[in-house]
$ cat input_8.cif   # mmCIF, C-alpha atoms (C1' of nucleotides)
data_query
#
loop_
_atom_site.group_PDB
_atom_site.id
_atom_site.type_symbol
_atom_site.label_atom_id
_atom_site.label_comp_id
_atom_site.auth_asym_id
_atom_site.auth_seq_id
_atom_site.Cartn_x
_atom_site.Cartn_y
_atom_site.Cartn_z
ATOM 1 C CA MET A 1 8.112 -6.101 -8.052
ATOM 2 C CA PRO A 2 5.153 -8.259 -8.823
ATOM 3 C CA GLU A 3 4.837 -9.457 -12.372
ATOM 4 C CA LEU A 4 1.827 -11.322 -13.682
ATOM 5 C CA PRO A 5 2.791 -14.650 -12.083
ATOM 6 C CA GLU A 6 3.104 -13.022 -8.676
ATOM 7 C CA VAL A 7 -0.242 -11.289 -9.086
ATOM 8 C CA GLU A 8 -1.867 -14.553 -10.132
ATOM 9 C CA THR A 9 -0.245 -16.368 -7.216
ATOM 10 C CA CYS A 10 -1.555 -13.655 -4.961
ATOM 11 C CA ARG A 11 -5.051 -14.012 -6.403
ATOM 12 C CA LEU A 12 -5.081 -17.765 -5.851
ATOM 13 C CA GLY A 13 -3.805 -17.376 -2.311
ATOM 14 C CA LEU A 14 -6.295 -14.663 -1.393
ATOM 15 C CA GLN A 15 -9.350 -16.226 -2.954
ATOM 16 C CA PRO A 16 -10.441 -18.589 -0.169
ATOM 17 C CA HIS A 17 -9.962 -15.900 2.468
ATOM 18 C CA VAL A 18 -11.826 -13.025 0.860
ATOM 19 C CA ILE A 19 -14.747 -14.564 -0.978
ATOM 20 C CA ASN A 20 -18.133 -14.489 0.763
ATOM 21 C CA HIS A 21 -16.838 -13.117 4.038
ATOM 22 C CA PRO A 22 -18.863 -10.079 5.114
ATOM 23 C CA ILE A 23 -16.716 -6.959 5.428
ATOM 24 C CA LYS A 24 -17.157 -5.278 8.767
ATOM 25 C CA GLN A 25 -14.570 -2.536 8.673
ATOM 26 C CA VAL A 26 -12.255 -0.767 6.243
ATOM 27 C CA ILE A 27 -9.287 1.115 7.674
ATOM 28 C CA ILE A 28 -7.423 3.531 5.422
ATOM 29 C CA ARG A 29 -4.264 4.780 7.091
ATOM 30 C CA ASN A 30 -2.857 6.443 4.020
ATOM 31 C CA SER A 31 -4.950 7.096 0.945
ATOM 32 C CA ARG A 32 -2.151 8.603 -1.131
ATOM 33 C CA LEU A 33 -1.354 5.881 -3.612
ATOM 34 C CA ARG A 34 -0.867 6.413 -7.327
ATOM 35 C CA TRP A 35 -4.353 7.864 -7.248
ATOM 36 C CA PRO A 36 -6.145 8.665 -4.000
ATOM 37 C CA ILE A 37 -8.168 5.833 -2.517
ATOM 38 C CA PRO A 38 -11.821 6.962 -2.706
ATOM 39 C CA ILE A 39 -12.725 8.562 0.593
ATOM 40 C CA ASP A 40 -16.078 6.774 0.734
ATOM 41 C CA LEU A 41 -14.615 3.292 0.142
ATOM 42 C CA PRO A 42 -15.303 2.142 3.734
ATOM 43 C CA LYS A 43 -18.930 3.218 3.460
ATOM 44 C CA ILE A 44 -19.251 1.403 0.137
ATOM 45 C CA LEU A 45 -17.701 -1.883 1.258
ATOM 46 C CA ILE A 46 -19.011 -2.334 4.798
ATOM 47 C CA ASN A 47 -21.626 -5.100 5.011
ATOM 48 C CA GLN A 48 -20.846 -6.260 1.499
ATOM 49 C CA CYS A 49 -19.074 -9.448 0.401
ATOM 50 C CA PHE A 50 -16.609 -10.022 -2.389
ATOM 51 C CA THR A 51 -18.294 -12.580 -4.606
ATOM 52 C CA GLN A 52 -15.429 -13.092 -7.035
ATOM 53 C CA LEU A 53 -11.724 -12.367 -7.314
ATOM 54 C CA THR A 54 -10.380 -12.135 -10.851
ATOM 55 C CA ARG A 55 -7.406 -10.643 -12.612
ATOM 56 C CA ARG A 56 -6.928 -8.496 -15.700
ATOM 57 C CA GLY A 57 -3.275 -7.992 -16.527
ATOM 58 C CA LYS A 58 -1.750 -7.093 -13.193
ATOM 59 C CA TYR A 59 -4.982 -5.658 -11.837
ATOM 60 C CA LEU A 60 -6.825 -7.644 -9.167
ATOM 61 C CA LEU A 61 -10.591 -7.246 -9.385
ATOM 62 C CA PHE A 62 -12.746 -7.853 -6.316
ATOM 63 C CA THR A 63 -16.366 -8.136 -7.401
ATOM 64 C CA THR A 64 -19.224 -7.126 -5.132
ATOM 65 C CA PRO A 65 -22.957 -6.905 -5.894
ATOM 66 C CA THR A 66 -22.675 -3.120 -6.290
ATOM 67 C CA GLY A 67 -19.374 -2.723 -8.135
ATOM 68 C CA THR A 68 -15.734 -3.708 -8.254
ATOM 69 C CA LEU A 69 -12.706 -2.944 -6.123
ATOM 70 C CA LEU A 70 -9.692 -2.613 -8.368
ATOM 71 C CA LEU A 71 -6.247 -3.222 -6.867
ATOM 72 C CA HIS A 72 -2.870 -2.783 -8.490
ATOM 73 C CA LEU A 73 0.300 -3.665 -6.578
ATOM 74 C CA GLY A 74 2.551 -1.313 -8.517
ATOM 75 C CA MET A 75 6.195 -1.995 -7.792
ATOM 76 C CA SER A 76 6.211 -2.738 -4.101
ATOM 77 C CA GLY A 77 2.620 -3.562 -3.164
ATOM 78 C CA ARG A 78 1.895 -6.634 -1.036
ATOM 79 C CA VAL A 79 -1.311 -8.048 0.337
ATOM 80 C CA ARG A 80 -1.547 -10.484 3.195
ATOM 81 C CA ILE A 81 -4.318 -12.097 5.195
ATOM 82 C CA VAL A 82 -3.603 -11.522 8.868
ATOM 83 C CA PRO A 83 -5.591 -11.494 12.117
ATOM 84 C CA ALA A 84 -7.104 -8.023 12.371
ATOM 85 C CA MET A 85 -5.323 -7.464 15.687
ATOM 86 C CA THR A 86 -1.877 -7.912 14.115
ATOM 87 C CA PRO A 87 0.225 -4.812 14.871
ATOM 88 C CA VAL A 88 0.678 -2.652 11.805
ATOM 89 C CA SER A 89 4.038 -2.156 10.175
ATOM 90 C CA LYS A 90 5.423 0.711 8.188
ATOM 91 C CA HIS A 91 3.504 1.258 4.923
ATOM 92 C CA ASP A 92 0.478 -0.830 5.947
ATOM 93 C CA HIS A 93 -1.933 1.530 4.202
ATOM 94 C CA VAL A 94 -5.242 -0.344 4.170
ATOM 95 C CA ASP A 95 -7.036 -3.090 6.128
ATOM 96 C CA ILE A 96 -10.218 -4.680 4.866
ATOM 97 C CA VAL A 97 -11.545 -6.450 7.941
ATOM 98 C CA PHE A 98 -13.859 -9.428 7.587
ATOM 99 C CA ASP A 99 -16.346 -10.630 10.155
ATOM 100 C CA ASN A 100 -14.081 -13.545 11.116
ATOM 101 C CA ASP A 101 -11.587 -10.975 12.431
ATOM 102 C CA TYR A 102 -9.080 -11.608 9.703
ATOM 103 C CA CYS A 103 -8.194 -8.807 7.376
ATOM 104 C CA LEU A 104 -6.721 -8.212 4.013
ATOM 105 C CA ARG A 105 -3.774 -5.908 4.708
ATOM 106 C CA PHE A 106 -2.277 -3.848 1.904
ATOM 107 C CA ASN A 107 1.308 -2.666 2.260
ATOM 108 C CA ASP A 108 3.077 -0.571 -0.353
ATOM 109 C CA SER A 109 6.294 1.284 0.419
ATOM 110 C CA ARG A 110 6.621 3.095 -2.884
ATOM 111 C CA ARG A 111 2.919 3.786 -3.302
ATOM 112 C CA PHE A 112 2.922 3.075 -7.030
ATOM 113 C CA GLY A 113 -0.059 0.862 -6.360
ATOM 114 C CA ALA A 114 -3.731 1.745 -6.704
ATOM 115 C CA MET A 115 -6.994 0.949 -4.974
ATOM 116 C CA LEU A 116 -10.038 2.207 -6.816
ATOM 117 C CA TRP A 117 -13.782 1.639 -6.919
ATOM 118 C CA TYR A 118 -15.886 1.304 -10.049
ATOM 119 C CA SER A 119 -19.601 0.703 -9.982
ATOM 120 C CA GLU A 120 -20.129 0.062 -13.695
ATOM 121 C CA ASP A 121 -18.976 -2.808 -15.917
ATOM 122 C CA ILE A 122 -15.371 -3.176 -14.789
ATOM 123 C CA GLN A 123 -14.151 -4.274 -18.210
ATOM 124 C CA GLN A 124 -15.136 -0.789 -19.404
ATOM 125 C CA HIS A 125 -13.009 0.915 -16.789
ATOM 126 C CA PRO A 126 -10.666 3.442 -18.446
ATOM 127 C CA LEU A 127 -7.638 1.609 -17.047
ATOM 128 C CA LEU A 128 -8.762 -1.730 -18.477
ATOM 129 C CA VAL A 129 -10.672 -1.018 -21.633
ATOM 130 C CA LYS A 130 -7.650 -0.480 -23.870
ATOM 131 C CA LEU A 131 -5.568 -3.381 -22.619
ATOM 132 C CA GLY A 132 -4.306 -6.034 -25.012
ATOM 133 C CA PRO A 133 -5.052 -9.747 -24.647
ATOM 134 C CA GLU A 134 -4.162 -11.900 -21.662
ATOM 135 C CA PRO A 135 -0.945 -13.774 -22.474
ATOM 136 C CA LEU A 136 -2.266 -17.107 -21.236
ATOM 137 C CA THR A 137 -5.406 -17.110 -23.352
ATOM 138 C CA ASN A 138 -5.802 -18.080 -26.969
ATOM 139 C CA ASP A 139 -6.364 -14.424 -27.854
ATOM 140 C CA PHE A 140 -2.612 -14.140 -27.566
ATOM 141 C CA ASN A 141 -1.547 -16.240 -30.521
ATOM 142 C CA PRO A 142 1.022 -16.040 -33.328
ATOM 143 C CA ALA A 143 -1.363 -14.550 -35.902
ATOM 144 C CA TYR A 144 -2.459 -11.826 -33.514
ATOM 145 C CA LEU A 145 1.054 -10.925 -32.368
ATOM 146 C CA TYR A 146 2.488 -10.948 -35.870
ATOM 147 C CA ALA A 147 -0.251 -8.597 -37.096
ATOM 148 C CA SER A 148 0.258 -6.361 -34.102
ATOM 149 C CA LEU A 149 4.043 -6.187 -34.538
ATOM 150 C CA ARG A 150 3.845 -5.389 -38.241
ATOM 151 C CA ARG A 151 2.588 -1.888 -37.441
ATOM 152 C CA ARG A 152 5.430 -1.211 -35.018
ATOM 153 C CA LYS A 153 8.977 -0.155 -35.654
ATOM 154 C CA GLN A 154 10.103 0.092 -32.042
ATOM 155 C CA ALA A 155 12.351 -2.508 -30.416
ATOM 156 C CA ILE A 156 10.593 -5.841 -29.939
ATOM 157 C CA LYS A 157 11.229 -5.651 -26.204
ATOM 158 C CA LEU A 158 9.250 -2.410 -25.958
ATOM 159 C CA SER A 159 6.351 -3.943 -27.881
ATOM 160 C CA LEU A 160 6.353 -6.991 -25.651
ATOM 161 C CA MET A 161 6.136 -4.743 -22.606
ATOM 162 C CA ASP A 162 3.408 -2.549 -24.116
ATOM 163 C CA ASN A 163 0.044 -3.220 -22.479
ATOM 164 C CA HIS A 164 -1.732 -2.507 -25.744
ATOM 165 C CA VAL A 165 0.046 -5.466 -27.349
ATOM 166 C CA VAL A 166 -0.166 -7.952 -24.496
ATOM 167 C CA VAL A 167 -0.673 -7.446 -20.768
ATOM 168 C CA GLY A 168 1.358 -8.718 -17.881
ATOM 169 C CA VAL A 169 4.824 -9.026 -19.396
ATOM 170 C CA GLY A 170 7.108 -6.844 -17.299
ATOM 171 C CA ASN A 171 10.798 -6.209 -17.575
ATOM 172 C CA ILE A 172 12.013 -9.470 -16.037
ATOM 173 C CA TYR A 173 9.934 -11.776 -18.196
ATOM 174 C CA ALA A 174 10.468 -9.691 -21.329
ATOM 175 C CA ASN A 175 14.214 -10.202 -20.916
ATOM 176 C CA GLU A 176 13.817 -13.899 -20.177
ATOM 177 C CA ALA A 177 11.317 -14.648 -22.945
ATOM 178 C CA LEU A 178 13.410 -12.892 -25.605
ATOM 179 C CA PHE A 179 16.470 -14.829 -24.547
ATOM 180 C CA ARG A 180 14.661 -18.133 -24.605
ATOM 181 C CA ALA A 181 13.119 -17.304 -27.974
ATOM 182 C CA GLY A 182 16.532 -16.323 -29.370
ATOM 183 C CA ILE A 183 15.386 -12.839 -30.372
ATOM 184 C CA HIS A 184 17.570 -9.746 -29.997
ATOM 185 C CA PRO A 185 15.703 -7.270 -27.764
ATOM 186 C CA LEU A 186 16.562 -4.313 -30.015
ATOM 187 C CA LYS A 187 15.248 -5.937 -33.192
ATOM 188 C CA PRO A 188 12.566 -3.726 -34.755
ATOM 189 C CA SER A 189 9.172 -5.316 -34.072
ATOM 190 C CA HIS A 190 8.116 -5.488 -37.710
ATOM 191 C CA LYS A 191 11.287 -7.341 -38.644
ATOM 192 C CA VAL A 192 10.692 -10.297 -36.369
ATOM 193 C CA THR A 193 9.862 -13.234 -38.615
ATOM 194 C CA ARG A 194 6.646 -15.256 -38.440
ATOM 195 C CA VAL A 195 8.584 -18.223 -37.137
ATOM 196 C CA ALA A 196 10.245 -16.189 -34.413
ATOM 197 C CA VAL A 197 6.922 -14.608 -33.418
ATOM 198 C CA SER A 198 5.395 -18.066 -33.062
ATOM 199 C CA ARG A 199 8.265 -19.164 -30.883
ATOM 200 C CA LEU A 200 7.978 -15.995 -28.808
ATOM 201 C CA VAL A 201 4.261 -16.522 -28.153
ATOM 202 C CA GLU A 202 4.895 -20.068 -27.054
ATOM 203 C CA ILE A 203 7.818 -19.090 -24.817
ATOM 204 C CA VAL A 204 5.933 -16.241 -23.137
ATOM 205 C CA LYS A 205 3.189 -18.686 -22.209
ATOM 206 C CA ILE A 206 5.692 -21.252 -20.936
ATOM 207 C CA VAL A 207 7.726 -18.767 -18.898
ATOM 208 C CA LEU A 208 4.650 -17.288 -17.230
ATOM 209 C CA THR A 209 3.056 -20.673 -16.601
ATOM 210 C CA GLU A 210 6.239 -22.047 -15.040
ATOM 211 C CA ALA A 211 6.491 -19.022 -12.783
ATOM 212 C CA ILE A 212 2.876 -19.347 -11.639
ATOM 213 C CA ALA A 213 3.483 -22.998 -10.873
ATOM 214 C CA ALA A 214 6.585 -22.082 -8.865
ATOM 215 C CA GLY A 215 4.611 -19.436 -6.991
ATOM 216 C CA GLY A 216 2.057 -22.053 -6.096
ATOM 217 C CA THR A 217 4.547 -23.750 -3.823
ATOM 218 C CA THR A 218 4.562 -20.713 -1.549
ATOM 219 C CA LEU A 219 0.768 -20.671 -1.262
ATOM 220 C CA ARG A 220 0.709 -23.007 1.709
ATOM 221 C CA ASP A 221 1.785 -20.358 4.180
ATOM 222 C CA PHE A 222 0.097 -17.495 2.427
ATOM 223 C CA ILE A 223 -1.707 -16.393 5.558
ATOM 224 C CA SER A 224 1.407 -15.515 7.491
ATOM 225 C CA ALA A 225 4.029 -14.991 4.847
ATOM 226 C CA ASP A 226 4.440 -12.455 2.157
ATOM 227 C CA GLY A 227 5.077 -15.270 -0.311
ATOM 228 C CA SER A 228 8.530 -14.998 -1.733
ATOM 229 C CA PRO A 229 8.316 -13.925 -5.356
ATOM 230 C CA GLY A 230 7.871 -16.769 -7.786
ATOM 231 C CA TYR A 231 10.569 -15.708 -10.181
ATOM 232 C CA PHE A 232 13.298 -16.353 -7.661
ATOM 233 C CA GLN A 233 12.403 -19.988 -7.929
ATOM 234 C CA GLN A 234 12.753 -19.911 -11.675
ATOM 235 C CA THR A 235 16.091 -20.124 -13.384
ATOM 236 C CA LEU A 236 16.836 -16.686 -14.740
ATOM 237 C CA TYR A 237 18.937 -16.814 -17.871
ATOM 238 C CA VAL A 238 19.655 -13.127 -18.287
ATOM 239 C CA TYR A 239 17.818 -10.787 -15.908
ATOM 240 C CA GLY A 240 20.250 -9.410 -13.328
ATOM 241 C CA ARG A 241 23.157 -11.288 -14.956
ATOM 242 C CA GLY A 242 24.754 -8.535 -17.074
ATOM 243 C CA GLY A 243 28.487 -9.204 -17.582
ATOM 244 C CA LYS A 244 28.157 -12.793 -16.437
ATOM 245 C CA PRO A 245 28.555 -15.759 -18.792
ATOM 246 C CA CYS A 246 25.558 -16.889 -20.831
ATOM 247 C CA ARG A 247 24.178 -20.102 -19.348
ATOM 248 C CA VAL A 248 23.939 -21.558 -22.842
ATOM 249 C CA CYS A 249 27.066 -20.450 -24.738
ATOM 250 C CA ASP A 250 29.286 -18.946 -22.012
ATOM 251 C CA ASN A 251 29.675 -15.669 -23.889
ATOM 252 C CA GLN A 252 29.551 -12.556 -21.701
ATOM 253 C CA LEU A 253 25.983 -11.188 -21.409
ATOM 254 C CA ILE A 254 25.447 -7.596 -22.557
ATOM 255 C CA GLU A 255 23.632 -5.142 -20.301
ATOM 256 C CA THR A 256 22.087 -2.011 -21.772
ATOM 257 C CA ARG A 257 18.985 0.128 -21.450
ATOM 258 C CA ILE A 258 15.952 0.119 -23.679
ATOM 259 C CA GLY A 259 13.290 2.691 -22.903
ATOM 260 C CA GLN A 260 14.951 3.461 -19.567
ATOM 261 C CA ARG A 261 14.694 -0.195 -18.561
ATOM 262 C CA SER A 262 17.598 -2.464 -17.801
ATOM 263 C CA THR A 263 18.022 -4.989 -20.593
ATOM 264 C CA VAL A 264 20.299 -8.018 -20.616
ATOM 265 C CA PHE A 265 20.892 -10.283 -23.576
ATOM 266 C CA CYS A 266 23.371 -12.607 -25.268
ATOM 267 C CA GLU A 267 24.610 -11.347 -28.605
ATOM 268 C CA VAL A 268 25.464 -14.890 -29.660
ATOM 269 C CA CYS A 269 22.173 -16.593 -28.766
ATOM 270 C CA GLN A 270 19.867 -13.713 -29.699
ATOM 271 C CA LYS A 271 19.695 -12.534 -33.307
ATOM 272 C "C1'" DA B 1 -2.040 5.687 -34.293
ATOM 273 C "C1'" DA B 2 2.623 5.006 -32.714
ATOM 274 C "C1'" DT B 3 6.231 6.558 -29.861
ATOM 275 C "C1'" DC B 4 8.877 8.841 -26.544
ATOM 276 C "C1'" DG B 5 10.124 10.623 -22.104
ATOM 277 C "C1'" DC B 6 8.515 11.996 -17.601
ATOM 278 C "C1'" DG B 7 7.345 11.334 -12.871
ATOM 279 C "C1'" DC B 8 5.366 9.204 -9.052
ATOM 280 C "C1'" DC B 9 8.102 6.928 -4.462
ATOM 281 C "C1'" DT B 10 11.115 4.492 -1.017
ATOM 282 C "C1'" DG B 11 14.799 1.415 0.071
ATOM 283 C "C1'" DA B 12 19.171 -0.514 -1.036
ATOM 284 C "C1'" DC B 13 23.691 0.324 -2.056
ATOM 285 C "C1'" DG B 14 28.219 2.423 -3.114
ATOM 286 C "C1'" DG B 15 31.471 6.086 -2.298
ATOM 287 C "C1'" DC B 16 33.567 9.270 0.654
ATOM 288 C "C1'" DT C 1 28.713 6.172 11.342
ATOM 289 C "C1'" DG C 2 26.385 9.138 8.369
ATOM 290 C "C1'" DC C 3 25.253 11.601 4.413
ATOM 291 C "C1'" DC C 4 24.371 11.942 -0.392
ATOM 292 C "C1'" DG C 5 23.692 10.521 -5.047
ATOM 293 C "C1'" DT C 6 22.076 6.847 -7.975
ATOM 294 C "C1'" DC C 7 19.365 3.166 -9.300
ATOM 295 C "C1'" DA C 8 15.372 0.111 -9.462
ATOM 296 C "C1'" DG C 9 10.861 -0.148 -11.958
ATOM 297 C "C1'" DG C 10 4.902 -0.386 -13.627
ATOM 298 C "C1'" DC C 11 2.631 2.266 -16.224
ATOM 299 C "C1'" DG C 12 -0.462 6.208 -17.100
ATOM 300 C "C1'" DC C 13 -0.073 10.414 -19.257
ATOM 301 C "C1'" DG C 14 0.886 14.325 -22.138
ATOM 302 C "C1'" DA C 15 3.392 15.869 -26.113
ATOM 303 C "C1'" DT C 16 4.765 15.003 -30.795
#

$ encode --input "input_8.cif" --output "structure tokens"
Amino acid sequence: MPELPEVETCRLGLQPHVINHPIKQVIIRNSRLRWPIPIDLPKILINQCFTQLTRRGKYLLFTTPTGTLLLHLGMSGRVRIVPAMTPVSKHDHVDIVFDNDYCLRFNDSRRFGAMLWYSEDIQQHPLLVKLGPEPLTNDFNPAYLYASLRRRKQAIKLSLMDNHVVVGVGNIYANEALFRAGIHPLKPSHKVTRVAVSRLVEIVKIVLTEAIAAGGTTLRDFISADGSPGYFQQTLYVYGRGGKPCRVCDNQLIETRIGQRSTVFCEVCQK
DNA sequence: AATCGCGCCTGACGGC
DNA sequence: TGCCGTCAGGCGCGAT
């Protein structure tokens, strides 16, 4: 389940292998992802190069001179760079083959992912245009978040996971950031104090940055491996630890559901 | 505009 | 061993 740090790690790992390598073949074995892969994608991409690989939220954006390939990994999506001759495995849905006979291979068992083409300004794409700020930029700052939360009565955890508020904070990091900021996940958004909002902004940035740094250690063998997810290398305080003792105060962690998502917190440390 | 619940999908896991 | 139900979860979307 890639969160922003995994997507960023993926971007950094892919970059040297996909930029400025002419594409000679595109193989679509299964086009039924969240939305169908455009049928004419091979025709569009062949003989082009990706000139840039960027990220917006959890979307990877492969720029070409004629448009942008948009890739989302959903829950189970993985991309690897492998020799084009490598035998395919179950759920290997797409190969983008470069002229050096390596290919970008997309595998996605649950098919929540997406691969789309957009020939206009990608930032205006319907899936991107309404997204909130990137968490690691200065657009995500205490003044912005406080103003944004004031209009919202829903649980702070839901706001934090809402792409209109800030992108890239999924369930794992929402749980972790709220714990580390000492904020109860059910607290109504507009009741979180200025001070707590400031702390939350800072913590979100720290948690994500740490995770990206941890992911970086797996980059070395990116070509062969499906890099193990960065968050496993990060100490998790609450996620997946319901019923276990809090790492800070030893009190038993509470597990509940907020918006159909598993939520773990410490009722002593989080107010 | 905010908010809520639904559904897409497969693999892992527990119970019998 | 096998079958079946349940859970996991990003996130767009439609309804309110």

$ residues_around --input "input_8.cif" --residues "region 5-11 of chain C" --least-positions-apart "4" --cutoff "8 Å" --atoms "only C-alpha atoms (C1' of nucleotides)" --output "number ranges by chain"
A: 1, 74-75, 112, 170, 261

$ interface_residues --input "input_8.cif" --of "chain B" --to "chain A" --cutoff "9 Å" --atoms "all atoms listed in the file" --output "list in words"
DA2, DT3, DC4, DG5, DC8, DC9, DT10 and DG11 of chain B

$ resolve_selection --input "input_8.cif" --expression "the PyMOL selection byres ((chain A and resi 182) around 8)" --output "ChimeraX atom specification"
/A:178-181,183-184,269-271

$ atom_distance --input "input_8.cif" --atom1 "CA of Leu104 (chain A)" --atom2 "CA of Val167 (chain A)"
25.5 Å

$ atom_distance --input "input_8.cif" --atom1 "CA of His17 (chain A)" --atom2 "CA of Phe50 (chain A)"
10.1 Å

$ closest_residue --input "input_8.cif" --among "A:Asp250, A:Asp121, A:Asp162, A:Asp99" --to "chain C" --atoms "all atoms listed in the file"
A:Asp162

$ atom_distance --input "input_8.cif" --atom1 "CA of Ser89 (chain A)" --atom2 "CA of Phe106 (chain A)"
10.5 Å

$ resolve_selection --input "input_8.cif" --expression "the PyMOL selection byres ((chain C and resi 4) around 12)" --output "NGL selection string"
(:B and (13-16)) or (:C and (2-3 or 5-6))

$ write_last_selection --input "input_8.cif" --atoms "C-alpha atoms (C1' of nucleotides)" --output "PDB file, in the coordinates of the input"
ATOM      1  C1'  DC B  13      23.691   0.324  -2.056  1.00  0.00           C
ATOM      2  C1'  DG B  14      28.219   2.423  -3.114  1.00  0.00           C
ATOM      3  C1'  DG B  15      31.471   6.086  -2.298  1.00  0.00           C
ATOM      4  C1'  DC B  16      33.567   9.270   0.654  1.00  0.00           C
TER       5       DC B  16
ATOM      6  C1'  DG C   2      26.385   9.138   8.369  1.00  0.00           C
ATOM      7  C1'  DC C   3      25.253  11.601   4.413  1.00  0.00           C
ATOM      8  C1'  DG C   5      23.692  10.521  -5.047  1.00  0.00           C
ATOM      9  C1'  DT C   6      22.076   6.847  -7.975  1.00  0.00           C
TER      10       DT C   6
END

$ residues_around --input "input_8.cif" --residues "Pro126 (chain A)" --least-positions-apart "4" --cutoff "12 Å" --atoms "all atoms listed in the file" --output "MDAnalysis selection string"
(chainID A and resid 70 116 118 120:122 130:131) or (chainID C and resid 12)

$ residues_near_point --input "input_8.cif" --point "(11.8, -8.0, -36.3)" --cutoff "10 Å" --atoms "all atoms listed in the file" --output "list of chain:residue names"
A:Tyr146, A:Leu149, A:Arg150, A:Arg152, A:Lys153, A:Gln154, A:Ala155, A:Ile156, A:Ile183, A:His184, A:Pro185, A:Leu186, A:Lys187, A:Pro188, A:Ser189, A:His190, A:Lys191, A:Val192, A:Thr193, A:Arg194, A:Ala196, A:Val197, A:Lys271

$ closest_residue --input "input_8.cif" --among "A:Gln15, A:Asn163, A:Gln123, A:Thr263" --to "chain C" --atoms "all atoms listed in the file"
A:Asn163

$ residues_around --input "input_8.cif" --residues "Thr63 (chain A)" --least-positions-apart "5" --cutoff "7 Å" --atoms "all atoms listed in the file" --output "JSON, numbers by chain"
{"A": [50, 51, 52, 53, 68, 69]}

$ residues_near_point --input "input_8.cif" --point "(10.8, -17.1, -24.3)" --cutoff "9 Å" --atoms "all atoms listed in the file" --output "ChimeraX atom specification"
/A:173-183,199-207

$ residues_around --input "input_8.cif" --residues "Thr86 (chain A)" --least-positions-apart "5" --cutoff "12 Å" --atoms "all atoms listed in the file" --output "ChimeraX atom specification"
/A:80-81,92,95,97,101-105,224
